[in-house]
Amino acid sequence: MSTTALAIAQQLQTLPPIAEGTWEVLGPAPAAIAKIADRYRWQILLKGSPKNFYQLSKALCDLKDQCPRSTRLSIDVDPLNFL
């Protein structure tokens, strides 16, 4: 398992909406297409109520700024599929 994906998932557990139990962290898990252009891909799914979404989205942007330069973190608010 990717140590970076695991570290991000552990950091997500500490965010207030998730720690309060209104959101759930699922993953990390390998993406359906696990490797593209020599880059491995992992998915972390956040499942929860939209009422706390603003607080969560701000925390996610802060988390994105803390990622290593070698890691690309993309956030899809309402994914149509998981490919």
# chains A, B, ... in the order shown; residues from 1 in each chain; ligands from 1
$ residues_around --residues "Leu15 in chain A" --least-positions-apart "4" --cutoff "12 Å" --atoms "only C-alpha atoms" --output "list in words"
Ile8, Ala9, Gln10, Gln11, Ala19, Glu20, Gly21, Thr22, Trp23, Glu24, Val25, Leu46, Asn52, Phe53, Gln55, Leu56, Ser57, Lys58, Ala59, Leu60, Cys61, Asp62 and Leu63 of chain A
$ write_last_selection --atoms "N, CA and C atoms" --output "short mmCIF file (atom, residue, chain, number, x, y, z; two decimals), in the first residue's frame"
data_model
loop_
_atom_site.label_atom_id
_atom_site.label_comp_id
_atom_site.auth_asym_id
_atom_site.auth_seq_id
_atom_site.Cartn_x
_atom_site.Cartn_y
_atom_site.Cartn_z
N ILE A 8 -2.35 10.14 4.17
CA ILE A 8 -3.46 11.06 3.90
C ILE A 8 -4.74 10.56 4.55
N ALA A 9 -5.01 9.26 4.44
CA ALA A 9 -6.20 8.69 5.06
C ALA A 9 -6.17 8.87 6.58
N GLN A 10 -5.00 8.71 7.17
CA GLN A 10 -4.88 8.90 8.62
C GLN A 10 -5.08 10.37 9.00
N GLN A 11 -4.59 11.29 8.17
CA GLN A 11 -4.82 12.71 8.44
C GLN A 11 -6.30 13.06 8.30
N ALA A 19 -13.94 13.20 12.50
CA ALA A 19 -13.74 12.82 13.89
C ALA A 19 -15.07 12.84 14.66
N GLU A 20 -15.98 13.74 14.28
CA GLU A 20 -17.29 13.83 14.92
C GLU A 20 -18.22 12.71 14.49
N GLY A 21 -17.87 12.01 13.43
CA GLY A 21 -18.68 10.88 12.98
C GLY A 21 -19.73 11.22 11.93
N THR A 22 -19.74 12.46 11.42
CA THR A 22 -20.72 12.80 10.39
C THR A 22 -20.25 12.41 8.99
N TRP A 23 -18.96 12.11 8.86
CA TRP A 23 -18.38 11.64 7.60
C TRP A 23 -17.58 10.38 7.88
N GLU A 24 -17.43 9.56 6.84
CA GLU A 24 -16.69 8.29 6.96
C GLU A 24 -15.61 8.23 5.89
N VAL A 25 -14.44 7.72 6.25
CA VAL A 25 -13.33 7.55 5.31
C VAL A 25 -13.31 6.10 4.85
N LEU A 46 -14.77 9.70 0.68
CA LEU A 46 -15.37 10.29 1.88
C LEU A 46 -16.88 10.24 1.70
N ASN A 52 -22.24 19.37 6.46
CA ASN A 52 -20.92 19.74 6.98
C ASN A 52 -19.90 19.89 5.87
N PHE A 53 -20.35 19.99 4.63
CA PHE A 53 -19.43 19.95 3.51
C PHE A 53 -18.50 21.15 3.47
N GLN A 55 -17.14 22.97 5.85
CA GLN A 55 -16.05 22.79 6.82
C GLN A 55 -15.07 21.73 6.33
N LEU A 56 -15.60 20.64 5.77
CA LEU A 56 -14.75 19.57 5.27
C LEU A 56 -13.95 20.02 4.05
N SER A 57 -14.57 20.76 3.13
CA SER A 57 -13.87 21.16 1.91
C SER A 57 -12.71 22.11 2.23
N LYS A 58 -12.87 22.98 3.19
CA LYS A 58 -11.78 23.87 3.58
C LYS A 58 -10.62 23.05 4.15
N ALA A 59 -10.91 22.07 4.98
CA ALA A 59 -9.87 21.22 5.55
C ALA A 59 -9.18 20.40 4.46
N LEU A 60 -9.92 19.97 3.44
CA LEU A 60 -9.32 19.20 2.35
C LEU A 60 -8.36 20.07 1.54
N CYS A 61 -8.70 21.32 1.32
CA CYS A 61 -7.79 22.22 0.60
C CYS A 61 -6.50 22.43 1.39
N ASP A 62 -6.61 22.56 2.70
CA ASP A 62 -5.41 22.69 3.53
C ASP A 62 -4.56 21.43 3.45
N LEU A 63 -5.21 20.26 3.43
CA LEU A 63 -4.50 18.99 3.33
C LEU A 63 -3.79 18.88 1.98
#
$ select_by_dssp --residues "chain A" --states "strand (DSSP E or B)" --output "list in words"
Trp23, Glu24, Val25, Leu26, Gly27, Pro28, Ala29, Pro30, Ala31, Ala32, Ile33, Ala34, Lys35, Ile36, Arg39, Tyr40, Arg41, Trp42, Gln43, Ile44, Leu45, Leu46, Lys47 and Gly48 of chain A
$ atom_distance --atom1 "CA of Thr3 in chain A" --atom2 "CA of Ser70 in chain A"
12.5 Å
$ atom_distance --atom1 "CA of Pro28 in chain A" --atom2 "CA of Pro79 in chain A"
16.1 Å
$ residues_around --residues "Tyr40 in chain A" --least-positions-apart "6" --cutoff "9 Å" --atoms "only C-alpha atoms" --output "PyMOL selection string"
chain A and resi 2+30-31+33-34
$ write_last_selection --atoms "N, CA and C atoms" --output "CSV table (one decimal), in the first residue's frame"
chain,number,residue,atom,x,y,z
A,2,SER,N,0.4,2.2,-0.7
A,2,SER,CA,1.2,3.5,-0.7
A,2,SER,C,1.2,4.2,0.6
A,30,PRO,N,-6.5,0.7,-4.2
A,30,PRO,CA,-6.0,1.0,-5.6
A,30,PRO,C,-7.2,1.4,-6.5
A,31,ALA,N,-6.9,2.4,-7.4
A,31,ALA,CA,-7.9,2.8,-8.3
A,31,ALA,C,-8.2,1.7,-9.3
A,33,ILE,N,-8.0,1.7,-12.5
A,33,ILE,CA,-6.8,1.7,-13.3
A,33,ILE,C,-5.7,2.1,-12.4
A,34,ALA,N,-4.9,1.1,-11.9
A,34,ALA,CA,-4.0,1.4,-10.8
A,34,ALA,C,-2.7,2.1,-11.2
$ closest_residue --among "A:Leu26, A:Ile75, A:Ala32, A:Leu80" --to "Leu45 in chain A" --atoms "only C-alpha atoms"
A:Leu26
$ closest_residue --among "A:Pro16, A:Gly48, A:Tyr54, A:Leu6" --to "Ala29 in chain A" --atoms "only C-alpha atoms"
A:Leu6
$ atom_distance --atom1 "CA of Ser74 in chain A" --atom2 "CA of Lys51 in chain A"
21.8 Å
$ closest_residue --among "A:Phe82, A:Arg39, A:Cys67, A:Val77" --to "Ala7 in chain A" --atoms "only C-alpha atoms"
A:Cys67
$ select_by_dssp --residues "chain A" --states "helix (DSSP H, G or I)" --output "ChimeraX atom specification"
/A:3-12,16-19,50-65
$ closest_residue --among "A:Lys64, A:Arg72, A:Asp78, A:Leu12" --to "Ile44 in chain A" --atoms "only C-alpha atoms"
A:Leu12
$ decode --residues "range 20-53 of chain A" --atoms "N, CA and C atoms" --output "PDB file, in the first residue's frame"
ATOM      1  N   GLU A  20     -15.979  13.745  14.275  1.00  0.00           N
ATOM      2  CA  GLU A  20     -17.288  13.833  14.923  1.00  0.00           C
ATOM      3  C   GLU A  20     -18.223  12.715  14.488  1.00  0.00           C
ATOM      4  N   GLY A  21     -17.872  12.013  13.431  1.00  0.00           N
ATOM      5  CA  GLY A  21     -18.678  10.883  12.975  1.00  0.00           C
ATOM      6  C   GLY A  21     -19.728  11.222  11.934  1.00  0.00           C
ATOM      7  N   THR A  22     -19.745  12.464  11.418  1.00  0.00           N
ATOM      8  CA  THR A  22     -20.724  12.802  10.387  1.00  0.00           C
ATOM      9  C   THR A  22     -20.247  12.412   8.991  1.00  0.00           C
ATOM     10  N   TRP A  23     -18.959  12.114   8.857  1.00  0.00           N
ATOM     11  CA  TRP A  23     -18.381  11.644   7.600  1.00  0.00           C
ATOM     12  C   TRP A  23     -17.578  10.379   7.877  1.00  0.00           C
ATOM     13  N   GLU A  24     -17.425   9.557   6.840  1.00  0.00           N
ATOM     14  CA  GLU A  24     -16.691   8.291   6.961  1.00  0.00           C
ATOM     15  C   GLU A  24     -15.610   8.229   5.891  1.00  0.00           C
ATOM     16  N   VAL A  25     -14.444   7.719   6.246  1.00  0.00           N
ATOM     17  CA  VAL A  25     -13.332   7.552   5.305  1.00  0.00           C
ATOM     18  C   VAL A  25     -13.306   6.097   4.848  1.00  0.00           C
ATOM     19  N   LEU A  26     -13.362   5.882   3.544  1.00  0.00           N
ATOM     20  CA  LEU A  26     -13.278   4.541   2.961  1.00  0.00           C
ATOM     21  C   LEU A  26     -12.012   4.470   2.121  1.00  0.00           C
ATOM     22  N   GLY A  27     -11.115   3.609   2.479  1.00  0.00           N
ATOM     23  CA  GLY A  27      -9.877   3.477   1.733  1.00  0.00           C
ATOM     24  C   GLY A  27      -8.697   3.876   2.584  1.00  0.00           C
ATOM     25  N   PRO A  28      -7.540   3.943   1.983  1.00  0.00           N
ATOM     26  CA  PRO A  28      -7.241   3.976   0.560  1.00  0.00           C
ATOM     27  C   PRO A  28      -7.329   2.588  -0.084  1.00  0.00           C
ATOM     28  N   ALA A  29      -7.646   2.623  -1.371  1.00  0.00           N
ATOM     29  CA  ALA A  29      -7.714   1.412  -2.177  1.00  0.00           C
ATOM     30  C   ALA A  29      -7.119   1.724  -3.543  1.00  0.00           C
ATOM     31  N   PRO A  30      -6.547   0.734  -4.211  1.00  0.00           N
ATOM     32  CA  PRO A  30      -6.022   0.995  -5.558  1.00  0.00           C
ATOM     33  C   PRO A  30      -7.155   1.442  -6.483  1.00  0.00           C
ATOM     34  N   ALA A  31      -6.869   2.385  -7.356  1.00  0.00           N
ATOM     35  CA  ALA A  31      -7.862   2.842  -8.329  1.00  0.00           C
ATOM     36  C   ALA A  31      -8.167   1.712  -9.310  1.00  0.00           C
ATOM     37  N   ALA A  32      -9.288   1.822 -10.004  1.00  0.00           N
ATOM     38  CA  ALA A  32      -9.671   0.796 -10.981  1.00  0.00           C
ATOM     39  C   ALA A  32      -8.564   0.618 -12.031  1.00  0.00           C
ATOM     40  N   ILE A  33      -7.993   1.715 -12.466  1.00  0.00           N
ATOM     41  CA  ILE A  33      -6.802   1.676 -13.323  1.00  0.00           C
ATOM     42  C   ILE A  33      -5.663   2.108 -12.410  1.00  0.00           C
ATOM     43  N   ALA A  34      -4.945   1.135 -11.893  1.00  0.00           N
ATOM     44  CA  ALA A  34      -4.002   1.380 -10.796  1.00  0.00           C
ATOM     45  C   ALA A  34      -2.742   2.132 -11.202  1.00  0.00           C
ATOM     46  N   LYS A  35      -2.388   2.099 -12.486  1.00  0.00           N
ATOM     47  CA  LYS A  35      -1.151   2.767 -12.899  1.00  0.00           C
ATOM     48  C   LYS A  35      -1.343   3.381 -14.283  1.00  0.00           C
ATOM     49  N   ILE A  36      -1.010   4.667 -14.378  1.00  0.00           N
ATOM     50  CA  ILE A  36      -1.063   5.379 -15.659  1.00  0.00           C
ATOM     51  C   ILE A  36       0.220   6.190 -15.772  1.00  0.00           C
ATOM     52  N   ALA A  37       0.904   6.033 -16.898  1.00  0.00           N
ATOM     53  CA  ALA A  37       2.137   6.783 -17.174  1.00  0.00           C
ATOM     54  C   ALA A  37       3.133   6.676 -16.025  1.00  0.00           C
ATOM     55  N   ASP A  38       3.385   5.457 -15.587  1.00  0.00           N
ATOM     56  CA  ASP A  38       4.343   5.170 -14.512  1.00  0.00           C
ATOM     57  C   ASP A  38       4.001   5.848 -13.183  1.00  0.00           C
ATOM     58  N   ARG A  39       2.739   6.177 -12.977  1.00  0.00           N
ATOM     59  CA  ARG A  39       2.285   6.752 -11.705  1.00  0.00           C
ATOM     60  C   ARG A  39       1.189   5.854 -11.140  1.00  0.00           C
ATOM     61  N   TYR A  40       1.361   5.467  -9.887  1.00  0.00           N
ATOM     62  CA  TYR A  40       0.361   4.641  -9.224  1.00  0.00           C
ATOM     63  C   TYR A  40      -0.760   5.524  -8.704  1.00  0.00           C
ATOM     64  N   ARG A  41      -1.988   5.002  -8.769  1.00  0.00           N
ATOM     65  CA  ARG A  41      -3.157   5.772  -8.371  1.00  0.00           C
ATOM     66  C   ARG A  41      -3.904   5.067  -7.238  1.00  0.00           C
ATOM     67  N   TRP A  42      -4.327   5.846  -6.263  1.00  0.00           N
ATOM     68  CA  TRP A  42      -5.073   5.341  -5.116  1.00  0.00           C
ATOM     69  C   TRP A  42      -6.311   6.201  -4.932  1.00  0.00           C
ATOM     70  N   GLN A  43      -7.354   5.605  -4.352  1.00  0.00           N
ATOM     71  CA  GLN A  43      -8.585   6.347  -4.098  1.00  0.00           C
ATOM     72  C   GLN A  43      -8.929   6.291  -2.619  1.00  0.00           C
ATOM     73  N   ILE A  44      -9.412   7.421  -2.135  1.00  0.00           N
ATOM     74  CA  ILE A  44      -9.959   7.511  -0.790  1.00  0.00           C
ATOM     75  C   ILE A  44     -11.331   8.154  -0.956  1.00  0.00           C
ATOM     76  N   LEU A  45     -12.352   7.486  -0.476  1.00  0.00           N
ATOM     77  CA  LEU A  45     -13.718   7.972  -0.618  1.00  0.00           C
ATOM     78  C   LEU A  45     -14.198   8.513   0.718  1.00  0.00           C
ATOM     79  N   LEU A  46     -14.772   9.705   0.682  1.00  0.00           N
ATOM     80  CA  LEU A  46     -15.371  10.290   1.879  1.00  0.00           C
ATOM     81  C   LEU A  46     -16.882  10.243   1.705  1.00  0.00           C
ATOM     82  N   LYS A  47     -17.555   9.685   2.671  1.00  0.00           N
ATOM     83  CA  LYS A  47     -18.992   9.477   2.589  1.00  0.00           C
ATOM     84  C   LYS A  47     -19.645  10.192   3.764  1.00  0.00           C
ATOM     85  N   GLY A  48     -20.613  11.057   3.456  1.00  0.00           N
ATOM     86  CA  GLY A  48     -21.245  11.762   4.556  1.00  0.00           C
ATOM     87  C   GLY A  48     -22.333  12.712   4.127  1.00  0.00           C
ATOM     88  N   SER A  49     -22.797  13.482   5.071  1.00  0.00           N
ATOM     89  CA  SER A  49     -23.888  14.424   4.885  1.00  0.00           C
ATOM     90  C   SER A  49     -23.382  15.744   4.299  1.00  0.00           C
ATOM     91  N   PRO A  50     -24.109  16.306   3.351  1.00  0.00           N
ATOM     92  CA  PRO A  50     -23.656  17.564   2.754  1.00  0.00           C
ATOM     93  C   PRO A  50     -23.738  18.758   3.703  1.00  0.00           C
ATOM     94  N   LYS A  51     -24.408  18.616   4.846  1.00  0.00           N
ATOM     95  CA  LYS A  51     -24.554  19.773   5.738  1.00  0.00           C
ATOM     96  C   LYS A  51     -23.223  20.240   6.337  1.00  0.00           C
ATOM     97  N   ASN A  52     -22.235  19.365   6.457  1.00  0.00           N
ATOM     98  CA  ASN A  52     -20.920  19.737   6.978  1.00  0.00           C
ATOM     99  C   ASN A  52     -19.896  19.890   5.866  1.00  0.00           C
ATOM    100  N   PHE A  53     -20.355  19.994   4.630  1.00  0.00           N
ATOM    101  CA  PHE A  53     -19.434  19.950   3.505  1.00  0.00           C
ATOM    102  C   PHE A  53     -18.496  21.149   3.466  1.00  0.00           C
TER     103      PHE A  53
END
